[in-house]
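Colleague: query-v5.pdb is reproduced in full below (PDB, C-alpha atoms and all ligand atoms).
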```pdb
ATOM      1  CA  MET A   1      -6.702  -9.218  -0.850
ATOM      2  CA  LYS A   2      -3.098  -9.882  -1.787
ATOM      3  CA  ILE A   3      -0.303 -11.607   0.169
ATOM      4  CA  ILE A   4       3.406 -10.861  -0.311
ATOM      5  CA  LYS A   5       6.064 -12.890   1.496
ATOM      6  CA  PHE A   6       9.689 -12.035   2.256
ATOM      7  CA  ASP A   7      12.384 -14.111   3.913
ATOM      8  CA  SER A   8      13.974 -10.999   5.365
ATOM      9  CA  ILE A   9      13.179  -7.283   5.264
ATOM     10  CA  ASP A  10      13.954  -4.219   7.390
ATOM     11  CA  SER A  11      10.371  -3.856   8.640
ATOM     12  CA  THR A  12       7.094  -4.911   7.047
ATOM     13  CA  ASN A  13       5.558  -1.624   8.256
ATOM     14  CA  SER A  14       8.339   0.432   6.661
ATOM     15  CA  TYR A  15       8.056  -1.563   3.424
ATOM     16  CA  LEU A  16       4.328  -0.924   3.058
ATOM     17  CA  LYS A  17       4.697   2.743   3.958
ATOM     18  CA  THR A  18       7.369   3.210   1.283
ATOM     19  CA  HIS A  19       5.494   1.249  -1.373
ATOM     20  CA  GLU A  20       1.895   2.043  -0.468
ATOM     21  CA  ASN A  21       1.164   3.648  -3.851
ATOM     22  CA  GLU A  22       1.955   0.342  -5.592
ATOM     23  CA  TYR A  23      -0.509  -1.701  -3.584
ATOM     24  CA  GLU A  24      -4.215  -2.013  -3.087
ATOM     25  CA  ASN A  25      -6.412  -2.169   0.000
ATOM     26  CA  PHE A  26      -5.787  -5.303   2.105
ATOM     27  CA  THR A  27      -2.304  -6.080   0.808
ATOM     28  CA  PHE A  28      -0.612  -8.209   3.472
ATOM     29  CA  VAL A  29       3.185  -8.360   3.770
ATOM     30  CA  PHE A  30       4.698 -11.205   5.778
ATOM     31  CA  SER A  31       8.372 -11.673   6.559
ATOM     32  CA  LYS A  32      10.216 -14.510   8.278
ATOM     33  CA  PHE A  33      12.624 -12.004   9.758
ATOM     34  CA  GLN A  34      13.014  -8.260  10.240
ATOM     35  CA  THR A  35      16.378  -6.524  10.512
ATOM     36  CA  SER A  36      14.837  -3.318  11.971
ATOM     37  CA  GLY A  37      11.535  -4.415  13.459
ATOM     38  CA  LYS A  38       9.742  -1.501  15.073
ATOM     39  CA  GLY A  39       7.653  -1.434  18.218
ATOM     40  CA  ARG A  40       5.612   1.393  19.684
ATOM     41  CA  GLU A  41       7.286   4.482  21.157
ATOM     42  CA  ASN A  42      10.407   4.031  18.980
ATOM     43  CA  ARG A  43      11.209   0.691  20.561
ATOM     44  CA  THR A  44      12.720  -2.236  18.660
ATOM     45  CA  TRP A  45      10.618  -5.324  17.959
ATOM     46  CA  PHE A  46      12.765  -8.446  18.351
ATOM     47  CA  SER A  47      11.560 -11.673  16.767
ATOM     48  CA  GLU A  48      13.603 -14.825  16.168
ATOM     49  CA  ALA A  49      13.843 -15.796  12.460
ATOM     50  CA  ASN A  50      11.294 -18.318  11.140
ATOM     51  CA  LYS A  51       9.483 -18.606  14.437
ATOM     52  CA  ASN A  52       6.756 -15.998  14.591
ATOM     53  CA  LEU A  53       4.176 -14.128  12.587
ATOM     54  CA  ILE A  54       5.536 -10.767  11.484
ATOM     55  CA  PHE A  55       3.215  -8.946   9.142
ATOM     56  CA  SER A  56       1.646  -5.666   8.122
ATOM     57  CA  TYR A  57      -1.437  -4.908   6.099
ATOM     58  CA  LEU A  58      -2.451  -1.868   4.122
ATOM     59  CA  ILE A  59      -5.798  -0.112   4.475
ATOM     60  CA  LYS A  60      -6.870   2.214   1.678
ATOM     61  CA  ASP A  61     -10.627   1.866   1.912
ATOM     62  CA  LYS A  62     -11.956   5.319   2.885
ATOM     63  CA  ASN A  63     -14.736   3.951   5.070
ATOM     64  CA  LEU A  64     -12.284   1.863   7.059
ATOM     65  CA  ILE A  65      -9.756   4.717   7.274
ATOM     66  CA  SER A  66     -12.513   6.866   8.806
ATOM     67  CA  LYS A  67     -12.653   4.303  11.630
ATOM     68  CA  TYR A  68      -8.934   4.783  12.323
ATOM     69  CA  LYS A  69      -9.457   5.149  16.067
ATOM     70  CA  ALA A  70     -10.706   1.559  16.178
ATOM     71  CA  ILE A  71      -8.128   0.008  13.849
ATOM     72  CA  SER A  72      -5.287  -0.634  16.254
ATOM     73  CA  LEU A  73      -7.300  -2.078  19.161
ATOM     74  CA  GLY A  74      -9.637  -3.610  16.570
ATOM     75  CA  THR A  75      -6.780  -5.547  14.968
ATOM     76  CA  ALA A  76      -5.513  -6.698  18.372
ATOM     77  CA  THR A  77      -9.088  -7.744  19.168
ATOM     78  CA  LEU A  78      -9.433  -9.739  15.936
ATOM     79  CA  VAL A  79      -6.158 -11.594  16.548
ATOM     80  CA  ALA A  80      -7.276 -12.184  20.150
ATOM     81  CA  ARG A  81     -10.661 -13.498  19.004
ATOM     82  CA  PHE A  82      -8.836 -15.804  16.601
ATOM     83  CA  LEU A  83      -6.671 -17.154  19.447
ATOM     84  CA  GLU A  84      -9.735 -17.555  21.661
ATOM     85  CA  LYS A  85     -11.771 -19.333  18.987
ATOM     86  CA  PHE A  86      -9.173 -21.590  17.377
ATOM     87  CA  LYS A  87      -6.638 -22.105  20.192
ATOM     88  CA  ASN A  88      -8.987 -21.830  23.149
ATOM     89  CA  PHE A  89      -6.715 -19.254  24.807
ATOM     90  CA  ASP A  90      -7.857 -17.105  27.694
ATOM     91  CA  VAL A  91      -6.934 -13.789  26.052
ATOM     92  CA  GLN A  92      -6.895 -10.244  27.380
ATOM     93  CA  ILE A  93      -6.418  -6.917  25.642
ATOM     94  CA  LYS A  94      -3.905  -4.537  27.168
ATOM     95  CA  TRP A  95      -4.642  -0.976  26.072
ATOM     96  CA  PRO A  96      -3.520   0.528  23.723
ATOM     97  CA  ASN A  97      -2.928  -2.510  21.507
ATOM     98  CA  ASP A  98      -1.357  -5.597  23.048
ATOM     99  CA  ILE A  99      -2.705  -9.099  23.591
ATOM    100  CA  TYR A 100      -1.899 -10.843  26.849
ATOM    101  CA  VAL A 101      -2.283 -14.518  27.732
ATOM    102  CA  GLU A 102      -1.555 -15.815  31.231
ATOM    103  CA  GLY A 103      -0.396 -12.302  32.194
ATOM    104  CA  LYS A 104       2.253 -12.148  29.442
ATOM    105  CA  LYS A 105       2.428 -10.362  26.107
ATOM    106  CA  ILE A 106       1.854 -12.604  23.079
ATOM    107  CA  CYS A 107       1.153  -9.960  20.430
ATOM    108  CA  GLY A 108       1.755  -6.264  19.731
ATOM    109  CA  VAL A 109       0.268  -3.982  17.084
ATOM    110  CA  LEU A 110       1.856  -0.900  15.526
ATOM    111  CA  LEU A 111      -0.388   1.484  13.574
ATOM    112  CA  GLU A 112       1.219   3.932  11.153
ATOM    113  CA  GLY A 113       0.045   5.792   8.082
ATOM    114  CA  ASN A 114      -0.904   9.056   6.557
ATOM    115  CA  LEU A 115      -4.459  10.224   7.207
ATOM    116  CA  PRO A 116      -6.734  10.347   5.292
ATOM    117  CA  ASN A 117      -4.832   8.435   2.603
ATOM    118  CA  TYR A 118      -3.771   5.111   4.049
ATOM    119  CA  LEU A 119      -3.050   3.112   7.195
ATOM    120  CA  VAL A 120      -0.423   0.430   7.772
ATOM    121  CA  VAL A 121      -1.186  -1.997  10.571
ATOM    122  CA  GLY A 122       1.753  -4.073  11.818
ATOM    123  CA  VAL A 123       1.312  -7.205  13.883
ATOM    124  CA  GLY A 124       3.952  -9.199  15.755
ATOM    125  CA  LEU A 125       2.510 -12.459  17.101
ATOM    126  CA  ASN A 126       4.803 -14.812  18.999
ATOM    127  CA  VAL A 127       4.162 -18.325  17.693
ATOM    128  CA  ASN A 128       6.881 -20.988  17.919
ATOM    129  CA  GLN A 129       9.561 -19.016  19.799
ATOM    130  CA  THR A 130      10.167 -20.390  23.288
ATOM    131  CA  ASN A 131      13.325 -18.566  24.390
ATOM    132  CA  PHE A 132      13.129 -14.865  25.034
ATOM    133  CA  ASN A 133      16.156 -12.957  26.284
ATOM    134  CA  ASP A 134      16.093 -10.077  28.751
ATOM    135  CA  GLU A 135      15.692  -7.402  26.099
ATOM    136  CA  TYR A 136      11.906  -7.477  26.406
ATOM    137  CA  ARG A 137      10.272  -4.708  28.401
ATOM    138  CA  THR A 138       7.291  -6.838  29.359
ATOM    139  CA  PRO A 139       7.507 -10.635  29.841
ATOM    140  CA  PRO A 140       6.622 -12.349  26.557
ATOM    141  CA  THR A 141       4.888 -15.601  25.809
ATOM    142  CA  SER A 142       4.033 -17.460  22.590
ATOM    143  CA  ILE A 143       1.427 -19.834  21.178
ATOM    144  CA  LYS A 144       3.871 -22.709  21.706
ATOM    145  CA  LEU A 145       4.616 -21.800  25.324
ATOM    146  CA  ILE A 146       0.867 -21.835  26.050
ATOM    147  CA  SER A 147      -0.304 -24.765  23.891
ATOM    148  CA  LYS A 148       2.934 -26.834  23.976
ATOM    149  CA  LYS A 149       2.486 -27.341  20.217
ATOM    150  CA  ASP A 150       4.262 -26.032  17.122
ATOM    151  CA  SER A 151       2.084 -24.163  14.634
ATOM    152  CA  ASP A 152       2.433 -24.217  10.844
ATOM    153  CA  LEU A 153       3.348 -20.593  10.086
ATOM    154  CA  ASP A 154       2.091 -20.633   6.477
ATOM    155  CA  LYS A 155      -1.324 -21.929   7.475
ATOM    156  CA  LEU A 156      -1.532 -19.535  10.408
ATOM    157  CA  SER A 157      -0.654 -16.531   8.224
ATOM    158  CA  GLU A 158      -3.377 -17.470   5.758
ATOM    159  CA  ASP A 159      -5.972 -18.128   8.468
ATOM    160  CA  ILE A 160      -5.268 -14.943  10.424
ATOM    161  CA  SER A 161      -5.210 -12.646   7.379
ATOM    162  CA  ASN A 162      -8.505 -14.153   6.145
ATOM    163  CA  PHE A 163     -10.029 -13.762   9.614
ATOM    164  CA  ILE A 164      -8.991 -10.088   9.819
ATOM    165  CA  VAL A 165     -10.355  -9.219   6.378
ATOM    166  CA  LYS A 166     -13.598 -11.125   6.967
ATOM    167  CA  HIS A 167     -14.396  -9.344  10.239
ATOM    168  CA  ILE A 168     -12.899  -5.865   9.859
ATOM    169  CA  VAL A 169     -15.282  -4.979   7.027
ATOM    170  CA  LYS A 170     -18.376  -5.833   9.075
ATOM    171  CA  LYS A 171     -20.708  -3.009  10.079
ATOM    172  CA  ASP A 172     -20.418  -3.848  13.768
ATOM    173  CA  PHE A 173     -16.579  -3.931  13.771
ATOM    174  CA  GLU A 174     -16.256  -0.904  16.086
ATOM    175  CA  LYS A 175     -18.978  -2.068  18.468
ATOM    176  CA  LYS A 176     -17.558  -5.606  18.606
ATOM    177  CA  THR A 177     -14.103  -4.162  19.312
ATOM    178  CA  TYR A 178     -15.485  -2.002  22.100
ATOM    179  CA  ASP A 179     -17.468  -4.859  23.658
ATOM    180  CA  PHE A 180     -14.521  -7.249  23.480
ATOM    181  CA  VAL A 181     -12.079  -4.759  25.007
ATOM    182  CA  CYS A 182     -14.556  -4.049  27.834
ATOM    183  CA  SER A 183     -14.966  -7.725  28.619
ATOM    184  CA  HIS A 184     -11.268  -8.665  28.204
ATOM    185  CA  ASN A 185      -9.548  -5.576  29.642
ATOM    186  CA  TYR A 186      -6.182  -6.595  31.135
ATOM    187  CA  LEU A 187      -5.724  -3.207  32.795
ATOM    188  CA  LEU A 188      -9.137  -3.018  34.464
ATOM    189  CA  ASN A 189      -8.726  -1.965  38.114
ATOM    190  CA  LYS A 190      -4.928  -1.783  37.716
ATOM    191  CA  LYS A 191      -2.933   1.288  38.655
ATOM    192  CA  VAL A 192      -1.300   3.038  35.699
ATOM    193  CA  LYS A 193       0.284   6.280  34.607
ATOM    194  CA  VAL A 194      -0.600   7.508  31.106
ATOM    195  CA  ASN A 195       0.506  10.949  29.862
ATOM    196  CA  ASN A 196       1.206  12.020  33.442
ATOM    197  CA  VAL A 197      -2.244  11.001  34.660
ATOM    198  CA  SER A 198      -1.980   8.430  37.432
ATOM    199  CA  GLY A 199      -4.828   6.346  38.718
ATOM    200  CA  VAL A 200      -6.892   3.207  38.468
ATOM    201  CA  VAL A 201      -8.204   2.043  35.086
ATOM    202  CA  THR A 202     -11.998   1.967  34.941
ATOM    203  CA  GLY A 203     -12.380   1.067  31.248
ATOM    204  CA  VAL A 204     -12.155   2.547  27.751
ATOM    205  CA  ASP A 205     -14.531   5.028  26.116
ATOM    206  CA  LYS A 206     -16.237   4.675  22.722
ATOM    207  CA  ASN A 207     -13.258   6.413  21.046
ATOM    208  CA  PHE A 208     -10.974   3.775  22.592
ATOM    209  CA  ASN A 209      -9.318   6.196  25.008
ATOM    210  CA  ILE A 210      -8.369   4.723  28.342
ATOM    211  CA  LEU A 211     -10.500   5.819  31.320
ATOM    212  CA  ILE A 212      -8.611   6.489  34.530
ATOM    213  CA  ASP A 213      -9.922   7.344  37.954
ATOM    214  CA  ASP A 214      -7.129   9.765  38.843
ATOM    215  CA  LYS A 215      -7.075   9.558  42.609
ATOM    216  CA  PRO A 216      -3.414   9.845  43.630
ATOM    217  CA  VAL A 217      -1.556   6.532  43.896
ATOM    218  CA  GLU A 218       1.926   5.615  45.111
ATOM    219  CA  SER A 219       4.335   5.976  42.179
ATOM    220  CA  ARG A 220       6.143   2.733  42.983
ATOM    221  CA  GLU A 221       2.919   0.787  42.399
ATOM    222  CA  ILE A 222       2.365   2.284  38.958
ATOM    223  CA  ASP A 223       2.642   0.424  35.677
ATOM    224  CA  ILE A 224       3.899   3.137  33.296
ATOM    225  CA  LEU A 225       2.481   2.713  29.774
TER
HETATM  226  C1  LIG A 301       4.555  -3.078  20.056
HETATM  227  O1  LIG A 301       4.063  -3.908  20.841
HETATM  228  O2  LIG A 301       5.340  -2.215  20.452
HETATM  229  C2  LIG A 301       4.163  -3.176  18.612
HETATM  230  C3  LIG A 301       4.952  -4.234  17.901
HETATM  231  C4  LIG A 301       4.645  -4.341  16.417
HETATM  232  C5  LIG A 301       5.591  -5.272  15.714
HETATM  233  C6  LIG A 301       5.186  -5.530  14.295
HETATM  234  S1  LIG A 301       6.079  -6.863  13.586
HETATM  235  C7  LIG A 301       5.440  -6.477  12.023
HETATM  236  C8  LIG A 301       5.398  -4.962  11.900
HETATM  237  N1  LIG A 301       6.663  -4.452  11.407
HETATM  238  C9  LIG A 301       7.314  -3.738  12.317
HETATM  239  O3  LIG A 301       8.433  -3.214  12.163
HETATM  240  N2  LIG A 301       6.604  -3.688  13.479
HETATM  241  C10 LIG A 301       5.333  -4.374  13.324
END
```
Rewrite the structure from the file as structure tokens, please.
Modeller:
Amino acid sequence: MKIIKFDSIDSTNSYLKTHENEYENFTFVFSKFQTSGKGRENRTWFSEANKNLIFSYLIKDKNLISKYKAISLGTATLVARFLEKFKNFDVQIKWPNDIYVEGKKICGVLLEGNLPNYLVVGVGLNVNQTNFNDEYRTPPTSIKLISKKDSDLDKLSEDISNFIVKHIVKKDFEKKTYDFVCSHNYLLNKKVKVNNVSGVVTGVDKNFNILIDDKPVESREIDIL
């Protein structure tokens, strides 16, 4: 495991994708700020400088790459388990890869890569930021807004990267991810529309696809993902 730190960079995901051939499995890249932070679906990821955890890690291990379907929700689950264990937060997983606390988004994950060669897993975890402008699609929260305490970002980056590496290599990583998502599913029984299928969420399957009971629902009630 190797940790690289930047004060500012375009995007930690983009950096690792461009330089993946220079780095080994479990290289973590942290940055205090991103000038072009990326979210899912071509959205921008905004994060105030020096306030939050912004990082990506590289996976090159073939066995882990073969579990790629579990990596995104699995990473969200590991960060959520960390917040549950060490901060006592009541966490939920919002498919496909967000963490929610008190009904608000605290963390997002962006998986990129080139199968079967490598994966880059990007994590944006809101930590000490307390003001969020209206540019956010879903209402955000942060560790500080929940716990009322500042966190030491250097210690948190070390603890979270160690926690991820320790647990992601375990044999039961996929099963633990599945069990945790089933028991902490933010969308369970909520009405959604995913890829033009509308209905009520009944769970996720073993390949981490969302399960929807597609009885017709009123479009105005739908949370579009
Ligand atoms: C999402 O919720 O849409 C995913 C957000 C992922 C943001 C992180 S921050 C670190 C890494 N670098 C990026 O440009 N994006 C991810």
Colleague: From the set A:Asn133, A:Leu153, A:Ala76, A:Gly113, which residue has the shortest atom-to-atom contact distance to Phe180 of chain A, counting all atoms listed in the file?
Modeller: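 Residue with the minimum atom-to-atom distance to Phe180 of chain A: A:Ala76.
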Colleague: Using the chain letters and numbers from the file, which residues does the PyMOL selection byres (((not hetatm)) within 9 of (chain A and resi 301)) grab, as an MDAnalysis selection string?
Modeller: chainID A and resid 10:15 29:31 34:47 53:57 97:99 105 107:111 120:125
Colleague: Write the residues of the preceding selection, restricted to C-alpha atoms, as a PDB file, keeping the file's coordinate frame.
Modeller:
```
ATOM      1  CA  ASP A  10      13.954  -4.219   7.390  1.00  0.00           C
ATOM      2  CA  SER A  11      10.371  -3.856   8.640  1.00  0.00           C
ATOM      3  CA  THR A  12       7.094  -4.911   7.047  1.00  0.00           C
ATOM      4  CA  ASN A  13       5.558  -1.624   8.256  1.00  0.00           C
ATOM      5  CA  SER A  14       8.339   0.432   6.661  1.00  0.00           C
ATOM      6  CA  TYR A  15       8.056  -1.563   3.424  1.00  0.00           C
ATOM      7  CA  VAL A  29       3.185  -8.360   3.770  1.00  0.00           C
ATOM      8  CA  PHE A  30       4.698 -11.205   5.778  1.00  0.00           C
ATOM      9  CA  SER A  31       8.372 -11.673   6.559  1.00  0.00           C
ATOM     10  CA  GLN A  34      13.014  -8.260  10.240  1.00  0.00           C
ATOM     11  CA  THR A  35      16.378  -6.524  10.512  1.00  0.00           C
ATOM     12  CA  SER A  36      14.837  -3.318  11.971  1.00  0.00           C
ATOM     13  CA  GLY A  37      11.535  -4.415  13.459  1.00  0.00           C
ATOM     14  CA  LYS A  38       9.742  -1.501  15.073  1.00  0.00           C
ATOM     15  CA  GLY A  39       7.653  -1.434  18.218  1.00  0.00           C
ATOM     16  CA  ARG A  40       5.612   1.393  19.684  1.00  0.00           C
ATOM     17  CA  GLU A  41       7.286   4.482  21.157  1.00  0.00           C
ATOM     18  CA  ASN A  42      10.407   4.031  18.980  1.00  0.00           C
ATOM     19  CA  ARG A  43      11.209   0.691  20.561  1.00  0.00           C
ATOM     20  CA  THR A  44      12.720  -2.236  18.660  1.00  0.00           C
ATOM     21  CA  TRP A  45      10.618  -5.324  17.959  1.00  0.00           C
ATOM     22  CA  PHE A  46      12.765  -8.446  18.351  1.00  0.00           C
ATOM     23  CA  SER A  47      11.560 -11.673  16.767  1.00  0.00           C
ATOM     24  CA  LEU A  53       4.176 -14.128  12.587  1.00  0.00           C
ATOM     25  CA  ILE A  54       5.536 -10.767  11.484  1.00  0.00           C
ATOM     26  CA  PHE A  55       3.215  -8.946   9.142  1.00  0.00           C
ATOM     27  CA  SER A  56       1.646  -5.666   8.122  1.00  0.00           C
ATOM     28  CA  TYR A  57      -1.437  -4.908   6.099  1.00  0.00           C
ATOM     29  CA  ASN A  97      -2.928  -2.510  21.507  1.00  0.00           C
ATOM     30  CA  ASP A  98      -1.357  -5.597  23.048  1.00  0.00           C
ATOM     31  CA  ILE A  99      -2.705  -9.099  23.591  1.00  0.00           C
ATOM     32  CA  LYS A 105       2.428 -10.362  26.107  1.00  0.00           C
ATOM     33  CA  CYS A 107       1.153  -9.960  20.430  1.00  0.00           C
ATOM     34  CA  GLY A 108       1.755  -6.264  19.731  1.00  0.00           C
ATOM     35  CA  VAL A 109       0.268  -3.982  17.084  1.00  0.00           C
ATOM     36  CA  LEU A 110       1.856  -0.900  15.526  1.00  0.00           C
ATOM     37  CA  LEU A 111      -0.388   1.484  13.574  1.00  0.00           C
ATOM     38  CA  VAL A 120      -0.423   0.430   7.772  1.00  0.00           C
ATOM     39  CA  VAL A 121      -1.186  -1.997  10.571  1.00  0.00           C
ATOM     40  CA  GLY A 122       1.753  -4.073  11.818  1.00  0.00           C
ATOM     41  CA  VAL A 123       1.312  -7.205  13.883  1.00  0.00           C
ATOM     42  CA  GLY A 124       3.952  -9.199  15.755  1.00  0.00           C
ATOM     43  CA  LEU A 125       2.510 -12.459  17.101  1.00  0.00           C
TER      44      LEU A 125
END
```
Colleague: Compile the contact shell of Tyr100 of chain A as an NGL selection string: residues with an atom at most 10 Å away, counting all atoms listed in the file, same-chain residues fewer than 4 positions apart removed.
Modeller: :A and (80 or 89-94 or 104-108 or 139-142 or 184-186)
Colleague: Which is closest to Asp150 of chain A among A:Lys190, A:Lys87, A:Lys67, A:Lys2, if we use all atoms listed in the file?
Modeller: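 Closest to Asp150 of chain A, using all atoms listed in the file: A:Lys87.
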Colleague: Mind pulling up the distance from atom CA of Lys176 of chain A to atom CA of Gly103 of chain A?
Modeller: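 Answer for the atom CA of Gly103 of chain A to atom CA of Lys176 of chain A separation: 22.9 Å.
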Colleague: Distance cut-off 12 Å, centre (-13.1, 6.7, 3.1) in file coordinates, counting only C-alpha atoms: which residues qualify? Return them as a list in words.
Modeller: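 With a cut-off of 12 Å, the residues come to Asn25, Ile59, Lys60, Asp61, Lys62, Asn63, Leu64, Ile65, Ser66, Lys67, Tyr68, Leu115, Pro116, Asn117, Tyr118 and Leu119 of chain A.
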Colleague: If you measure from atom CA of Asn189 of chain A to atom CA of Ser72 of chain A, what distance in Å do you get, rounded to one decimal?
Modeller: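 Straight-line distance from atom CA of Asn189 of chain A to atom CA of Ser72 of chain A works out to 22.2 Å.
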Colleague: Pick out the closest residue to Cys182 of chain A from this set: A:Ile9, A:Ala49, A:Val165, A:Val201. Count all atoms listed in the file.
Modeller: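 Between A:Ile9, A:Ala49, A:Val165, A:Val201, the residue approaching Cys182 of chain A most closely is A:Val201.
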Colleague: Please, what is the axis-aligned box for every listed atom of segment 53-72 of chain A with 8 Å on each side, as centre and edge lengths in Å to one decimal, as lines of an AutoDock Vina configuration file?
Modeller:
```
center_x = -4.6
center_y = -3.6
center_z = 9.0
size_x = 36.3
size_y = 37.0
size_z = 30.6
```
Colleague: Rounded to one decimal in Å, what is the spacing between atom CA of Glu135 of chain A and atom CA of Glu158 of chain A?
Modeller: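 Interatomic distance, atom CA of Glu135 of chain A to atom CA of Glu158 of chain A: 29.6 Å.
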Colleague: Would you mind telling me which residue in A:Leu225, A:Thr27, A:Tyr178, A:Ile210 lies nearest to Arg137 of chain A when using only C-alpha atoms?
Modeller: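 Answer, going by the shortest atom-to-atom distance: A:Leu225.
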Colleague: Can segment 26-33 of chain A be brought up to all heavy atoms and written out as a compact mmCIF listing (two decimals), in the coordinates of the input?
Modeller:
```
# COMPACT_ATOMS: atom_id res chain seq x y z
N PHE A 26 -5.96 -3.93 1.59
CA PHE A 26 -5.79 -5.30 2.10
C PHE A 26 -4.64 -6.06 1.43
O PHE A 26 -4.76 -7.24 1.11
CB PHE A 26 -7.09 -6.11 2.02
CG PHE A 26 -8.15 -5.63 2.97
CD1 PHE A 26 -9.50 -5.71 2.62
CD2 PHE A 26 -7.82 -5.12 4.21
CE1 PHE A 26 -10.49 -5.27 3.49
CE2 PHE A 26 -8.80 -4.68 5.10
CZ PHE A 26 -10.14 -4.75 4.73
N THR A 27 -3.54 -5.38 1.17
CA THR A 27 -2.30 -6.08 0.81
C THR A 27 -1.60 -6.44 2.12
O THR A 27 -1.38 -5.58 2.97
CB THR A 27 -1.38 -5.18 -0.04
OG1 THR A 27 -2.07 -4.84 -1.24
CG2 THR A 27 -0.07 -5.88 -0.35
N PHE A 28 -1.30 -7.72 2.27
CA PHE A 28 -0.61 -8.21 3.47
C PHE A 28 0.84 -8.51 3.13
O PHE A 28 1.12 -9.15 2.10
CB PHE A 28 -1.28 -9.50 3.98
CG PHE A 28 -2.53 -9.27 4.77
CD1 PHE A 28 -3.69 -8.84 4.15
CD2 PHE A 28 -2.56 -9.48 6.15
CE1 PHE A 28 -4.86 -8.62 4.87
CE2 PHE A 28 -3.72 -9.26 6.88
CZ PHE A 28 -4.88 -8.82 6.25
N VAL A 29 1.76 -8.06 3.96
CA VAL A 29 3.18 -8.36 3.77
C VAL A 29 3.68 -9.15 4.97
O VAL A 29 3.61 -8.66 6.11
CB VAL A 29 4.00 -7.06 3.62
CG1 VAL A 29 5.49 -7.37 3.56
CG2 VAL A 29 3.58 -6.31 2.37
N PHE A 30 4.14 -10.35 4.72
CA PHE A 30 4.70 -11.20 5.78
C PHE A 30 6.20 -11.31 5.59
O PHE A 30 6.69 -11.32 4.46
CB PHE A 30 4.11 -12.62 5.71
CG PHE A 30 2.69 -12.72 6.20
CD1 PHE A 30 1.63 -12.42 5.36
CD2 PHE A 30 2.41 -13.12 7.50
CE1 PHE A 30 0.31 -12.50 5.82
CE2 PHE A 30 1.11 -13.21 7.97
CZ PHE A 30 0.05 -12.90 7.13
N SER A 31 6.94 -11.41 6.68
CA SER A 31 8.37 -11.67 6.56
C SER A 31 8.80 -12.66 7.65
O SER A 31 8.26 -12.64 8.76
CB SER A 31 9.17 -10.38 6.68
OG SER A 31 10.53 -10.63 6.38
N LYS A 32 9.74 -13.54 7.28
CA LYS A 32 10.22 -14.51 8.28
C LYS A 32 11.14 -13.86 9.29
O LYS A 32 11.37 -14.38 10.37
CB LYS A 32 10.94 -15.66 7.56
CG LYS A 32 10.00 -16.49 6.72
CD LYS A 32 10.74 -17.59 5.99
CE LYS A 32 9.73 -18.45 5.24
NZ LYS A 32 10.35 -19.24 4.19
N PHE A 33 11.69 -12.70 8.88
CA PHE A 33 12.62 -12.00 9.76
C PHE A 33 12.62 -10.52 9.45
O PHE A 33 12.38 -10.13 8.30
CB PHE A 33 14.05 -12.58 9.57
CG PHE A 33 15.06 -11.99 10.52
CD1 PHE A 33 14.98 -12.23 11.88
CD2 PHE A 33 16.10 -11.18 10.04
CE1 PHE A 33 15.90 -11.68 12.77
CE2 PHE A 33 17.03 -10.64 10.92
CZ PHE A 33 16.92 -10.89 12.29
```
